[in-house]
>>> print(open('run_6.pdb').read())   # PDB, C-alpha atoms
ATOM      1  CA  MET A   1    -197.274  34.850 -45.134
ATOM      2  CA  PHE A   2    -200.381  36.725 -46.290
ATOM      3  CA  TYR A   3    -201.493  35.382 -49.645
ATOM      4  CA  ASP A   4    -204.080  35.382 -52.394
ATOM      5  CA  LEU A   5    -203.544  32.539 -54.841
ATOM      6  CA  HIS A   6    -206.630  32.858 -57.018
ATOM      7  CA  MET A   7    -207.235  35.930 -59.152
ATOM      8  CA  HIS A   8    -207.806  36.644 -62.834
ATOM      9  CA  SER A   9    -205.946  38.967 -65.184
ATOM     10  CA  CYS A  10    -207.348  40.671 -68.285
ATOM     11  CA  LEU A  11    -206.554  37.452 -70.174
ATOM     12  CA  SER A  12    -209.635  35.906 -68.573
ATOM     13  CA  PRO A  13    -212.633  37.237 -70.510
ATOM     14  CA  CYS A  14    -214.688  37.659 -67.355
ATOM     15  CA  ALA A  15    -212.057  39.840 -65.602
ATOM     16  CA  ASP A  16    -211.947  43.632 -65.769
ATOM     17  CA  ASP A  17    -209.610  45.186 -68.340
ATOM     18  CA  GLU A  18    -207.878  46.970 -65.454
ATOM     19  CA  MET A  19    -206.551  43.596 -64.202
ATOM     20  CA  THR A  20    -203.176  44.172 -65.852
ATOM     21  CA  PRO A  21    -199.912  42.712 -64.533
ATOM     22  CA  ASN A  22    -198.778  46.029 -63.008
ATOM     23  CA  ASN A  23    -202.155  46.868 -61.496
ATOM     24  CA  ILE A  24    -202.504  43.416 -59.933
ATOM     25  CA  CYS A  25    -198.992  43.261 -58.466
ATOM     26  CA  ASN A  26    -199.096  46.812 -57.132
ATOM     27  CA  MET A  27    -202.576  46.446 -55.663
ATOM     28  CA  ALA A  28    -201.486  43.239 -53.921
ATOM     29  CA  LEU A  29    -198.448  45.053 -52.568
ATOM     30  CA  ILE A  30    -200.536  48.011 -51.325
ATOM     31  CA  LYS A  31    -202.905  45.591 -49.622
ATOM     32  CA  GLY A  32    -200.006  44.023 -47.777
ATOM     33  CA  LEU A  33    -200.012  40.624 -49.456
ATOM     34  CA  GLU A  34    -196.739  38.708 -49.578
ATOM     35  CA  LEU A  35    -197.584  35.880 -51.976
ATOM     36  CA  ILE A  36    -199.938  35.936 -54.952
ATOM     37  CA  ALA A  37    -200.863  33.841 -57.977
ATOM     38  CA  VAL A  38    -202.665  34.934 -61.109
ATOM     39  CA  THR A  39    -204.823  32.045 -62.276
ATOM     40  CA  ASP A  40    -206.400  32.668 -65.653
ATOM     41  CA  HIS A  41    -208.918  30.264 -67.114
ATOM     42  CA  ASN A  42    -207.252  27.551 -69.192
ATOM     43  CA  SER A  43    -204.146  29.581 -70.046
ATOM     44  CA  VAL A  44    -200.684  30.389 -68.699
ATOM     45  CA  ARG A  45    -199.905  32.981 -71.381
ATOM     46  CA  GLN A  46    -200.049  35.936 -68.954
ATOM     47  CA  GLN A  47    -197.491  34.432 -66.578
ATOM     48  CA  PRO A  48    -194.254  35.722 -68.219
ATOM     49  CA  ALA A  49    -195.433  39.327 -67.726
ATOM     50  CA  ILE A  50    -196.629  38.586 -64.182
ATOM     51  CA  ASP A  51    -193.173  37.135 -63.453
ATOM     52  CA  LYS A  52    -191.332  40.247 -64.643
ATOM     53  CA  VAL A  53    -193.620  42.720 -62.879
ATOM     54  CA  ALA A  54    -193.673  40.753 -59.616
ATOM     55  CA  LYS A  55    -189.877  40.691 -59.562
ATOM     56  CA  ALA A  56    -189.724  44.426 -60.342
ATOM     57  CA  VAL A  57    -192.133  45.451 -57.582
ATOM     58  CA  GLY A  58    -190.849  42.843 -55.128
ATOM     59  CA  ILE A  59    -193.776  40.532 -54.425
ATOM     60  CA  ARG A  60    -193.491  36.771 -54.298
ATOM     61  CA  VAL A  61    -195.538  34.793 -56.818
ATOM     62  CA  LEU A  62    -196.582  31.293 -57.690
ATOM     63  CA  TYR A  63    -197.256  30.780 -61.397
ATOM     64  CA  GLY A  64    -200.828  29.718 -61.854
ATOM     65  CA  CYS A  65    -203.809  28.816 -63.953
ATOM     66  CA  GLU A  66    -207.374  27.665 -63.348
ATOM     67  CA  LEU A  67    -208.145  24.631 -65.470
ATOM     68  CA  GLU A  68    -211.679  23.421 -66.153
ATOM     69  CA  SER A  69    -212.035  19.650 -66.514
ATOM     70  CA  SER A  70    -214.460  17.868 -68.838
ATOM     71  CA  GLU A  71    -216.791  17.530 -65.821
ATOM     72  CA  ALA A  72    -216.748  21.378 -65.551
ATOM     73  CA  VAL A  73    -214.785  21.248 -62.270
ATOM     74  CA  HIS A  74    -212.334  24.100 -61.635
ATOM     75  CA  CYS A  75    -208.857  23.217 -60.386
ATOM     76  CA  LEU A  76    -205.945  25.577 -59.755
ATOM     77  CA  GLY A  77    -202.485  24.602 -60.975
ATOM     78  CA  LEU A  78    -199.825  26.423 -58.926
ATOM     79  CA  PHE A  79    -196.123  26.282 -59.772
ATOM     80  CA  ALA A  80    -192.955  27.488 -58.032
ATOM     81  CA  ARG A  81    -191.096  27.831 -61.335
ATOM     82  CA  LEU A  82    -192.231  29.760 -64.413
ATOM     83  CA  GLU A  83    -190.619  27.266 -66.798
ATOM     84  CA  ASP A  84    -192.590  24.394 -65.269
ATOM     85  CA  ASN A  85    -195.808  26.395 -65.470
ATOM     86  CA  GLN A  86    -195.166  27.167 -69.136
ATOM     87  CA  LYS A  87    -194.900  23.431 -69.912
ATOM     88  CA  LEU A  88    -198.672  23.253 -69.405
ATOM     89  CA  GLN A  89    -199.579  25.432 -72.389
ATOM     90  CA  PRO A  90    -199.025  22.917 -75.237
ATOM     91  CA  TRP A  91    -201.064  20.357 -73.309
ATOM     92  CA  ILE A  92    -203.860  22.867 -72.632
ATOM     93  CA  ASP A  93    -203.884  23.774 -76.335
ATOM     94  CA  SER A  94    -204.261  20.096 -77.239
ATOM     95  CA  GLN A  95    -207.265  19.733 -74.901
ATOM     96  CA  MET A  96    -209.188  22.884 -75.919
ATOM     97  CA  PRO A  97    -212.502  22.459 -77.745
ATOM     98  CA  GLY A  98    -211.625  25.316 -80.112
ATOM     99  CA  ILE A  99    -214.605  27.612 -79.628
ATOM    100  CA  PRO A 100    -213.938  31.175 -80.835
ATOM    101  CA  ASN A 101    -214.344  33.996 -78.299
ATOM    102  CA  LYS A 102    -217.050  36.614 -78.839
ATOM    103  CA  PRO A 103    -215.384  39.601 -77.146
ATOM    104  CA  ASP A 104    -218.558  41.705 -77.201
ATOM    105  CA  TYR A 105    -220.358  39.069 -75.163
ATOM    106  CA  TYR A 106    -217.687  37.351 -73.024
ATOM    107  CA  GLY A 107    -215.067  40.119 -72.843
ATOM    108  CA  LYS A 108    -211.577  40.643 -74.219
ATOM    109  CA  GLN A 109    -208.777  38.121 -73.679
ATOM    110  CA  GLN A 110    -205.650  40.280 -73.638
ATOM    111  CA  ILE A 111    -202.068  39.076 -73.299
ATOM    112  CA  MET A 112    -199.863  41.852 -71.901
ATOM    113  CA  ASN A 113    -196.164  42.597 -71.540
ATOM    114  CA  GLU A 114    -194.481  43.867 -68.379
ATOM    115  CA  PHE A 115    -195.378  47.454 -69.349
ATOM    116  CA  ASP A 116    -199.114  46.669 -69.472
ATOM    117  CA  GLN A 117    -199.097  46.921 -73.243
ATOM    118  CA  GLU A 118    -201.217  44.464 -75.177
ATOM    119  CA  ILE A 119    -198.974  42.082 -77.098
ATOM    120  CA  GLY A 120    -201.593  39.562 -78.139
ATOM    121  CA  ILE A 121    -205.231  38.517 -78.096
ATOM    122  CA  GLU A 122    -206.364  34.982 -77.322
ATOM    123  CA  ASP A 123    -208.926  34.129 -80.000
ATOM    124  CA  GLN A 124    -210.231  30.860 -78.530
ATOM    125  CA  LEU A 125    -212.769  31.234 -75.739
ATOM    126  CA  LEU A 126    -211.003  30.355 -72.476
ATOM    127  CA  ILE A 127    -214.024  29.782 -70.235
ATOM    128  CA  VAL A 128    -214.722  26.281 -71.530
ATOM    129  CA  SER A 129    -214.307  22.704 -70.333
ATOM    130  CA  LEU A 130    -211.118  21.017 -71.508
ATOM    131  CA  ASN A 131    -211.471  17.581 -73.078
ATOM    132  CA  ALA A 132    -209.537  16.090 -70.121
ATOM    133  CA  SER A 133    -211.144  14.606 -67.020
ATOM    134  CA  LEU A 134    -210.374  16.003 -63.553
ATOM    135  CA  ASP A 135    -207.996  13.078 -62.892
ATOM    136  CA  GLU A 136    -206.159  13.853 -66.139
ATOM    137  CA  VAL A 137    -205.989  17.570 -65.313
ATOM    138  CA  ILE A 138    -204.443  16.831 -61.911
ATOM    139  CA  ASP A 139    -202.009  14.303 -63.420
ATOM    140  CA  GLU A 140    -200.863  16.852 -65.998
ATOM    141  CA  ILE A 141    -200.332  19.582 -63.377
ATOM    142  CA  HIS A 142    -198.196  17.093 -61.437
ATOM    143  CA  ARG A 143    -196.317  15.947 -64.542
ATOM    144  CA  CYS A 144    -195.296  19.559 -65.211
ATOM    145  CA  GLY A 145    -194.140  20.000 -61.603
ATOM    146  CA  GLY A 146    -197.069  21.929 -60.131
ATOM    147  CA  LYS A 147    -199.606  21.455 -57.340
ATOM    148  CA  ALA A 148    -203.339  21.008 -57.819
ATOM    149  CA  VAL A 149    -205.762  22.895 -55.573
ATOM    150  CA  LEU A 150    -209.483  22.145 -55.911
ATOM    151  CA  ALA A 151    -211.074  25.564 -56.467
ATOM    152  CA  HIS A 152    -213.973  27.034 -54.460
ATOM    153  CA  VAL A 153    -215.148  23.529 -53.568
ATOM    154  CA  LEU A 154    -218.572  24.479 -52.195
ATOM    155  CA  ASP A 155    -219.568  26.971 -54.891
ATOM    156  CA  ARG A 156    -222.826  26.384 -56.720
ATOM    157  CA  LYS A 157    -220.977  26.636 -60.033
ATOM    158  CA  ASN A 158    -217.922  24.803 -61.402
ATOM    159  CA  SER A 159    -216.987  23.234 -58.068
ATOM    160  CA  ILE A 160    -216.203  19.603 -57.444
ATOM    161  CA  THR A 161    -219.090  19.161 -54.986
ATOM    162  CA  HIS A 162    -221.577  20.774 -57.344
ATOM    163  CA  GLU A 163    -220.561  18.898 -60.490
ATOM    164  CA  LEU A 164    -219.479  15.581 -58.952
ATOM    165  CA  GLY A 165    -221.448  15.502 -55.694
ATOM    166  CA  PHE A 166    -218.465  15.120 -53.381
ATOM    167  CA  ILE A 167    -214.654  14.942 -53.245
ATOM    168  CA  PRO A 168    -213.644  11.338 -54.017
ATOM    169  CA  GLU A 169    -211.420   9.724 -51.411
ATOM    170  CA  ASP A 170    -208.768   8.685 -53.931
ATOM    171  CA  LEU A 171    -208.428  12.008 -55.786
ATOM    172  CA  LYS A 172    -204.776  13.132 -55.902
ATOM    173  CA  TYR A 173    -205.204  16.844 -55.114
ATOM    174  CA  ASP A 174    -202.711  18.862 -53.041
ATOM    175  CA  GLY A 175    -204.957  21.485 -51.469
ATOM    176  CA  ILE A 176    -208.555  22.585 -51.030
ATOM    177  CA  GLU A 177    -209.832  26.119 -51.552
ATOM    178  CA  VAL A 178    -212.849  27.355 -49.609
ATOM    179  CA  LYS A 179    -214.418  30.772 -49.106
ATOM    180  CA  SER A 180    -214.498  30.838 -45.300
ATOM    181  CA  GLU A 181    -213.681  28.993 -42.084
ATOM    182  CA  GLU A 182    -217.340  27.855 -41.932
ATOM    183  CA  GLN A 183    -216.947  26.257 -45.356
ATOM    184  CA  ARG A 184    -213.821  24.438 -44.185
ATOM    185  CA  GLN A 185    -215.773  22.940 -41.301
ATOM    186  CA  LEU A 186    -218.593  21.947 -43.671
ATOM    187  CA  VAL A 187    -216.189  20.259 -46.104
ATOM    188  CA  LEU A 188    -214.778  18.230 -43.199
ATOM    189  CA  LYS A 189    -218.265  17.308 -41.992
ATOM    190  CA  LEU A 190    -219.351  16.191 -45.469
ATOM    191  CA  HIS A 191    -216.161  14.187 -46.087
ATOM    192  CA  PRO A 192    -215.169  12.051 -43.069
ATOM    193  CA  TRP A 193    -212.224  10.718 -45.093
ATOM    194  CA  ILE A 194    -210.570  14.156 -45.402
ATOM    195  CA  LYS A 195    -208.066  14.602 -42.589
ATOM    196  CA  ASP A 196    -207.889  18.209 -41.409
ATOM    197  CA  GLU A 197    -204.315  18.029 -40.173
ATOM    198  CA  GLU A 198    -203.065  16.517 -43.448
ATOM    199  CA  THR A 199    -204.891  19.008 -45.667
ATOM    200  CA  VAL A 200    -203.569  22.361 -46.841
ATOM    201  CA  TRP A 201    -206.509  24.775 -46.943
ATOM    202  CA  PHE A 202    -206.680  28.026 -48.907
ATOM    203  CA  ILE A 203    -209.046  30.982 -48.750
ATOM    204  CA  ASP A 204    -208.573  33.082 -51.880
ATOM    205  CA  SER A 205    -210.438  35.971 -53.460
ATOM    206  CA  ASP A 206    -211.065  34.669 -57.019
ATOM    207  CA  ALA A 207    -210.839  38.394 -57.822
ATOM    208  CA  HIS A 208    -211.969  39.563 -61.254
ATOM    209  CA  ARG A 209    -211.623  43.257 -60.233
ATOM    210  CA  LEU A 210    -208.759  45.047 -58.506
ATOM    211  CA  THR A 211    -210.801  45.950 -55.453
ATOM    212  CA  ASP A 212    -211.721  42.302 -54.870
ATOM    213  CA  ILE A 213    -208.136  41.152 -54.295
ATOM    214  CA  SER A 214    -207.829  39.848 -50.714
ATOM    215  CA  GLU A 215    -206.909  41.989 -47.758
ATOM    216  CA  PRO A 216    -204.101  40.544 -45.592
ATOM    217  CA  ASP A 217    -206.564  38.232 -43.813
ATOM    218  CA  HIS A 218    -205.359  34.770 -44.775
ATOM    219  CA  TRP A 219    -202.069  33.361 -43.585
ATOM    220  CA  LEU A 220    -200.127  30.519 -45.190
ATOM    221  CA  ARG A 221    -197.673  28.807 -42.862
ATOM    222  CA  ASP A 222    -194.096  28.493 -44.107
ATOM    223  CA  SER A 223    -194.279  24.767 -43.376
ATOM    224  CA  ASP A 224    -197.314  24.380 -45.656
ATOM    225  CA  PHE A 225    -195.647  26.433 -48.375
ATOM    226  CA  ARG A 226    -192.488  24.307 -48.163
ATOM    227  CA  LYS A 227    -194.533  21.102 -48.097
ATOM    228  CA  LEU A 228    -196.060  22.007 -51.461
ATOM    229  CA  TRP A 229    -193.483  24.130 -53.251
ATOM    230  CA  GLY A 230    -190.164  23.321 -51.589
TER
ATOM    231  CA  MET B   1    -240.277  -4.126 -65.523
ATOM    232  CA  LYS B   2    -236.816  -5.379 -64.664
ATOM    233  CA  VAL B   3    -233.496  -4.250 -66.111
ATOM    234  CA  SER B   4    -233.122  -7.479 -68.118
ATOM    235  CA  GLU B   5    -236.414  -6.776 -69.901
ATOM    236  CA  LEU B   6    -235.336  -3.168 -70.521
ATOM    237  CA  VAL B   7    -232.137  -4.411 -72.191
ATOM    238  CA  GLU B   8    -234.189  -6.795 -74.327
ATOM    239  CA  LYS B   9    -236.656  -4.109 -75.453
ATOM    240  CA  THR B  10    -234.224  -1.239 -76.063
ATOM    241  CA  GLY B  11    -231.126  -2.975 -77.344
ATOM    242  CA  TRP B  12    -228.975  -0.936 -74.979
ATOM    243  CA  VAL B  13    -225.711  -2.722 -74.257
ATOM    244  CA  ARG B  14    -225.336  -4.263 -70.823
ATOM    245  CA  LYS B  15    -221.897  -3.592 -69.277
ATOM    246  CA  THR B  16    -222.371  -4.905 -65.737
ATOM    247  CA  GLY B  17    -224.654  -7.402 -63.991
ATOM    248  CA  GLY B  18    -227.641  -7.003 -61.706
ATOM    249  CA  ASP B  19    -231.380  -7.104 -62.320
ATOM    250  CA  ASN B  20    -233.389  -4.581 -60.314
ATOM    251  CA  GLU B  21    -237.042  -3.588 -60.624
ATOM    252  CA  ILE B  22    -237.583  -0.312 -62.512
ATOM    253  CA  THR B  23    -239.934   2.306 -61.037
ATOM    254  CA  GLY B  24    -239.290   5.325 -63.258
ATOM    255  CA  VAL B  25    -236.685   7.471 -65.000
ATOM    256  CA  TYR B  26    -234.331  10.288 -64.001
ATOM    257  CA  CYS B  27    -232.131  12.262 -66.405
ATOM    258  CA  GLY B  28    -229.265  14.484 -65.254
ATOM    259  CA  ASP B  29    -225.505  14.984 -65.208
ATOM    260  CA  LEU B  30    -224.937  17.362 -62.305
ATOM    261  CA  LEU B  31    -224.242  14.947 -59.464
ATOM    262  CA  SER B  32    -225.143  17.266 -56.571
ATOM    263  CA  TRP B  33    -228.515  17.700 -58.253
ATOM    264  CA  VAL B  34    -229.017  13.988 -58.918
ATOM    265  CA  MET B  35    -228.025  13.151 -55.317
ATOM    266  CA  GLY B  36    -230.697  15.527 -54.066
ATOM    267  CA  ARG B  37    -233.540  14.479 -56.366
ATOM    268  CA  GLY B  38    -233.214  10.906 -57.607
ATOM    269  CA  GLU B  39    -235.721   8.291 -56.381
ATOM    270  CA  PRO B  40    -235.154   4.590 -55.633
ATOM    271  CA  GLY B  41    -235.708   2.259 -58.589
ATOM    272  CA  GLN B  42    -235.325   4.900 -61.274
ATOM    273  CA  VAL B  43    -233.370   4.297 -64.470
ATOM    274  CA  TRP B  44    -230.722   7.045 -64.454
ATOM    275  CA  ILE B  45    -229.803   8.361 -67.895
ATOM    276  CA  THR B  46    -226.655  10.504 -67.968
ATOM    277  CA  VAL B  47    -223.541  11.464 -69.921
ATOM    278  CA  GLN B  48    -221.543  11.932 -66.696
ATOM    279  CA  ILE B  49    -218.705   9.394 -66.698
ATOM    280  CA  HIS B  50    -216.832  10.357 -63.531
ATOM    281  CA  ARG B  51    -216.466   7.413 -61.129
ATOM    282  CA  ASN B  52    -218.609   9.232 -58.524
ATOM    283  CA  ILE B  53    -221.693   8.152 -60.502
ATOM    284  CA  VAL B  54    -221.471   4.675 -58.970
ATOM    285  CA  ALA B  55    -221.603   6.101 -55.443
ATOM    286  CA  VAL B  56    -224.503   8.363 -56.411
ATOM    287  CA  ALA B  57    -226.445   5.474 -58.000
ATOM    288  CA  SER B  58    -225.842   3.381 -54.903
ATOM    289  CA  LEU B  59    -226.936   6.208 -52.592
ATOM    290  CA  ARG B  60    -230.160   6.844 -54.526
ATOM    291  CA  GLU B  61    -230.742   3.108 -55.123
ATOM    292  CA  PHE B  62    -231.234   3.580 -58.861
ATOM    293  CA  SER B  63    -232.206   0.406 -60.709
ATOM    294  CA  CYS B  64    -229.483   1.025 -63.315
ATOM    295  CA  ILE B  65    -227.297   3.659 -64.952
ATOM    296  CA  VAL B  66    -227.641   4.292 -68.676
ATOM    297  CA  ILE B  67    -224.650   6.084 -70.205
ATOM    298  CA  ALA B  68    -226.005   8.003 -73.183
ATOM    299  CA  ASP B  69    -224.617   9.472 -76.378
ATOM    300  CA  GLY B  70    -221.849   6.902 -76.791
ATOM    301  CA  ALA B  71    -219.788   8.405 -73.959
ATOM    302  CA  GLU B  72    -216.775   6.208 -73.321
ATOM    303  CA  ILE B  73    -217.150   4.464 -69.951
ATOM    304  CA  PRO B  74    -213.899   4.191 -67.956
ATOM    305  CA  ALA B  75    -213.045   0.652 -66.786
ATOM    306  CA  GLU B  76    -212.953   1.757 -63.130
ATOM    307  CA  ILE B  77    -216.650   2.665 -63.288
ATOM    308  CA  LEU B  78    -217.526  -0.819 -64.518
ATOM    309  CA  GLU B  79    -215.393  -2.437 -61.811
ATOM    310  CA  LYS B  80    -217.012  -0.372 -59.050
ATOM    311  CA  ALA B  81    -220.509  -0.891 -60.472
ATOM    312  CA  GLU B  82    -219.917  -4.639 -60.598
ATOM    313  CA  GLU B  83    -218.842  -4.540 -56.923
ATOM    314  CA  GLU B  84    -221.937  -2.548 -55.981
ATOM    315  CA  ASN B  85    -224.189  -4.745 -58.144
ATOM    316  CA  ILE B  86    -225.427  -1.767 -60.163
ATOM    317  CA  PRO B  87    -226.291  -2.523 -63.792
ATOM    318  CA  VAL B  88    -224.590  -0.147 -66.235
ATOM    319  CA  LEU B  89    -225.997   0.055 -69.762
ATOM    320  CA  ALA B  90    -224.487   1.859 -72.742
ATOM    321  CA  ALA B  91    -226.449   3.550 -75.509
ATOM    322  CA  ASP B  92    -225.326   5.534 -78.573
ATOM    323  CA  LYS B  93    -228.277   7.917 -78.776
ATOM    324  CA  PRO B  94    -228.579  11.273 -76.926
ATOM    325  CA  VAL B  95    -230.399  11.558 -73.586
ATOM    326  CA  PHE B  96    -233.573  12.952 -75.177
ATOM    327  CA  ASP B  97    -233.925   9.993 -77.546
ATOM    328  CA  LEU B  98    -233.361   7.498 -74.721
ATOM    329  CA  ALA B  99    -235.972   9.273 -72.604
ATOM    330  CA  LYS B 100    -238.443   8.993 -75.500
ATOM    331  CA  GLN B 101    -237.760   5.247 -75.642
ATOM    332  CA  MET B 102    -238.609   5.033 -71.926
ATOM    333  CA  VAL B 103    -241.856   6.933 -72.545
ATOM    334  CA  ALA B 104    -242.708   4.477 -75.329
ATOM    335  CA  LEU B 105    -242.239   1.667 -72.801
ATOM    336  CA  GLY B 106    -244.882   3.234 -70.583
ATOM    337  CA  PHE B 107    -242.810   5.246 -68.092
TER
END
>>> encode(input="run_6.pdb", output="structure tokens")
Amino acid sequence: MFYDLHMHSCLSPCADDEMTPNNICNMALIKGLELIAVTDHNSVRQQPAIDKVAKAVGIRVLYGCELESSEAVHCLGLFARLEDNQKLQPWIDSQMPGIPNKPDYYGKQQIMNEFDQEIGIEDQLLIVSLNASLDEVIDEIHRCGGKAVLAHVLDRKNSITHELGFIPEDLKYDGIEVKSEEQRQLVLKLHPWIKDEETVWFIDSDAHRLTDISEPDHWLRDSDFRKLWG
Amino acid sequence: MKVSELVEKTGWVRKTGGDNEITGVYCGDLLSWVMGRGEPGQVWITVQIHRNIVAVASLREFSCIVIADGAEIPAEILEKAEEENIPVLAADKPVFDLAKQMVALGF
């Protein structure tokens, strides 16, 4: 199925205000995507609205988030069930450094309902490192029943290779996100211990604007989907 | 100067064994950066406590790793460092203060 499993709603301060649940789901549908995930920084508070809108418009979703570890590494947490995804929030809250957002500088952090009406504002800045290490972040995603995908692993910002030099052999991740086929080849070349055939690879948009959501260019095999999410 | 003399002069707490010759100092926490720029024999001062630091120190042949600012060092780092024979030292002061101590020692 055509997918895009990394995009930000208007809850992420850095995303456009137009990234509302209805706009995201409908744009994904227009583009011909069949599976999406909204992955806000360090929060799953937008997911209930995403769930309702996705069901109403008829697009399949995974319930997501993009957590930032204490080493400033970004990791996606992707869940088949909303209730499992929501189990993450109390843990995230307990690991936040508690820095207030400055909306004029970073942007608004809006929580919406299924009618794209604002029902809350997140006051703590979400684009921060949690107090938990990457291992702890991955363990917590697993404990709640989700899968951990290392985000944009070759980026020059907030990626595992940038912050930690390389992907450790014993890290318990479930998938690797790259930006292109060339990057996939480079990751394999840099990490002889990563086995291509055993790895589930993702190419996502990391969209912060509606127009940046992926075209139907990237295909996830049913077998890979079932392997991760049943 | 060797690592044992450094421990004696600074009071930094030795966590693992090994006694390499010191050639200079490097400070940094971003491991891709450190991997690209560190030089053999340098004392590496950092607050990065992910286990990858042992591999990076081994790759760059640092004389020792100094964990600054009282950052809590996971046991697995000490085990790996012991295996690789890389001295790990712990210090309570921030990186800048430790760097000043190194300058005072003539580096």
>>> closest_atom_pairs(input="run_6.pdb", of="chain B", to="chain A", cutoff="8 Å", atoms="all atoms listed in the file", output="CSV")
residue,atom,partner,partner_atom,distance
B:Asp29,CA,A:Glu163,CA,7.9
B:Leu30,CA,A:Glu163,CA,5.0
B:Leu31,CA,A:Gly165,CA,4.7
B:Ser32,CA,A:Gly165,CA,4.2
B:Trp33,CA,A:His162,CA,7.6
B:Met35,CA,A:Gly165,CA,7.0
B:Gln48,CA,A:Glu71,CA,7.4
B:His50,CA,A:Leu164,CA,7.4
B:Asn52,CA,A:Leu164,CA,6.4
B:Ile53,CA,A:Leu164,CA,7.9
B:Val56,CA,A:Gly165,CA,7.8
>>> residues_around(input="run_6.pdb", residues="stretch 174-190 of chain A", least_positions_apart="5", cutoff="8 Å", atoms="only C-alpha atoms", output="list of chain:residue names")
A:Lys147, A:Ala148, A:Val149, A:Leu150, A:Ala151, A:His152, A:Val153, A:Leu154, A:Lys195, A:Asp196, A:Thr199, A:Val200, A:Trp201, A:Phe202, A:Ile203, A:Asp204, A:Ser205, A:Leu228
>>> write_last_selection(input="run_6.pdb", atoms="C-alpha atoms", output="short mmCIF file (atom, residue, chain, number, x, y, z; two decimals), in the coordinates of the input")
data_model
loop_
_atom_site.label_atom_id
_atom_site.label_comp_id
_atom_site.auth_asym_id
_atom_site.auth_seq_id
_atom_site.Cartn_x
_atom_site.Cartn_y
_atom_site.Cartn_z
CA LYS A 147 -199.61 21.46 -57.34
CA ALA A 148 -203.34 21.01 -57.82
CA VAL A 149 -205.76 22.90 -55.57
CA LEU A 150 -209.48 22.14 -55.91
CA ALA A 151 -211.07 25.56 -56.47
CA HIS A 152 -213.97 27.03 -54.46
CA VAL A 153 -215.15 23.53 -53.57
CA LEU A 154 -218.57 24.48 -52.20
CA LYS A 195 -208.07 14.60 -42.59
CA ASP A 196 -207.89 18.21 -41.41
CA THR A 199 -204.89 19.01 -45.67
CA VAL A 200 -203.57 22.36 -46.84
CA TRP A 201 -206.51 24.78 -46.94
CA PHE A 202 -206.68 28.03 -48.91
CA ILE A 203 -209.05 30.98 -48.75
CA ASP A 204 -208.57 33.08 -51.88
CA SER A 205 -210.44 35.97 -53.46
CA LEU A 228 -196.06 22.01 -51.46
#
>>> resolve_selection(input="run_6.pdb", expression="the PyMOL selection byres ((chain B and resi 36-45) around 8)", output="mmCIF file with C-alpha atoms, in the coordinates of the input")
data_model
loop_
_atom_site.group_PDB
_atom_site.id
_atom_site.type_symbol
_atom_site.label_atom_id
_atom_site.label_comp_id
_atom_site.auth_asym_id
_atom_site.auth_seq_id
_atom_site.Cartn_x
_atom_site.Cartn_y
_atom_site.Cartn_z
ATOM 1 C CA ASN B 20 -233.389 -4.581 -60.314
ATOM 2 C CA GLU B 21 -237.042 -3.588 -60.624
ATOM 3 C CA ILE B 22 -237.583 -0.312 -62.512
ATOM 4 C CA THR B 23 -239.934 2.306 -61.037
ATOM 5 C CA GLY B 24 -239.290 5.325 -63.258
ATOM 6 C CA VAL B 25 -236.685 7.471 -65.000
ATOM 7 C CA TYR B 26 -234.331 10.288 -64.001
ATOM 8 C CA CYS B 27 -232.131 12.262 -66.405
ATOM 9 C CA GLY B 28 -229.265 14.484 -65.254
ATOM 10 C CA SER B 32 -225.143 17.266 -56.571
ATOM 11 C CA TRP B 33 -228.515 17.700 -58.253
ATOM 12 C CA VAL B 34 -229.017 13.988 -58.918
ATOM 13 C CA MET B 35 -228.025 13.151 -55.317
ATOM 14 C CA THR B 46 -226.655 10.504 -67.968
ATOM 15 C CA VAL B 47 -223.541 11.464 -69.921
ATOM 16 C CA ALA B 57 -226.445 5.474 -58.000
ATOM 17 C CA ARG B 60 -230.160 6.844 -54.526
ATOM 18 C CA GLU B 61 -230.742 3.108 -55.123
ATOM 19 C CA PHE B 62 -231.234 3.580 -58.861
ATOM 20 C CA SER B 63 -232.206 0.406 -60.709
ATOM 21 C CA CYS B 64 -229.483 1.025 -63.315
ATOM 22 C CA ILE B 65 -227.297 3.659 -64.952
ATOM 23 C CA VAL B 66 -227.641 4.292 -68.676
ATOM 24 C CA ILE B 67 -224.650 6.084 -70.205
ATOM 25 C CA ALA B 68 -226.005 8.003 -73.183
ATOM 26 C CA VAL B 95 -230.399 11.558 -73.586
ATOM 27 C CA LEU B 98 -233.361 7.498 -74.721
ATOM 28 C CA ALA B 99 -235.972 9.273 -72.604
#
>>> resolve_selection(input="run_6.pdb", expression="the PyMOL selection byres ((chain B and resi 72-84) around 7)", output="PyMOL selection string")
chain B and resi 16-17+49+51+54+70-71+85-87
>>> resolve_selection(input="run_6.pdb", expression="the PyMOL selection byres ((chain A and resi 82) around 9)", output="compact mmCIF listing (two decimals) with C-alpha atoms, keeping the file's coordinate frame")
# COMPACT_ATOMS: atom_id res chain seq x y z
CA GLN A 47 -197.49 34.43 -66.58
CA PRO A 48 -194.25 35.72 -68.22
CA ASP A 51 -193.17 37.14 -63.45
CA LEU A 62 -196.58 31.29 -57.69
CA TYR A 63 -197.26 30.78 -61.40
CA GLY A 64 -200.83 29.72 -61.85
CA PHE A 79 -196.12 26.28 -59.77
CA ALA A 80 -192.96 27.49 -58.03
CA ARG A 81 -191.10 27.83 -61.34
CA GLU A 83 -190.62 27.27 -66.80
CA ASP A 84 -192.59 24.39 -65.27
CA ASN A 85 -195.81 26.40 -65.47
CA GLN A 86 -195.17 27.17 -69.14
CA LYS A 87 -194.90 23.43 -69.91
>>> atom_distance(input="run_6.pdb", atom1="atom CA of A:Glu169", atom2="atom CA of A:Glu198")
13.4 Å
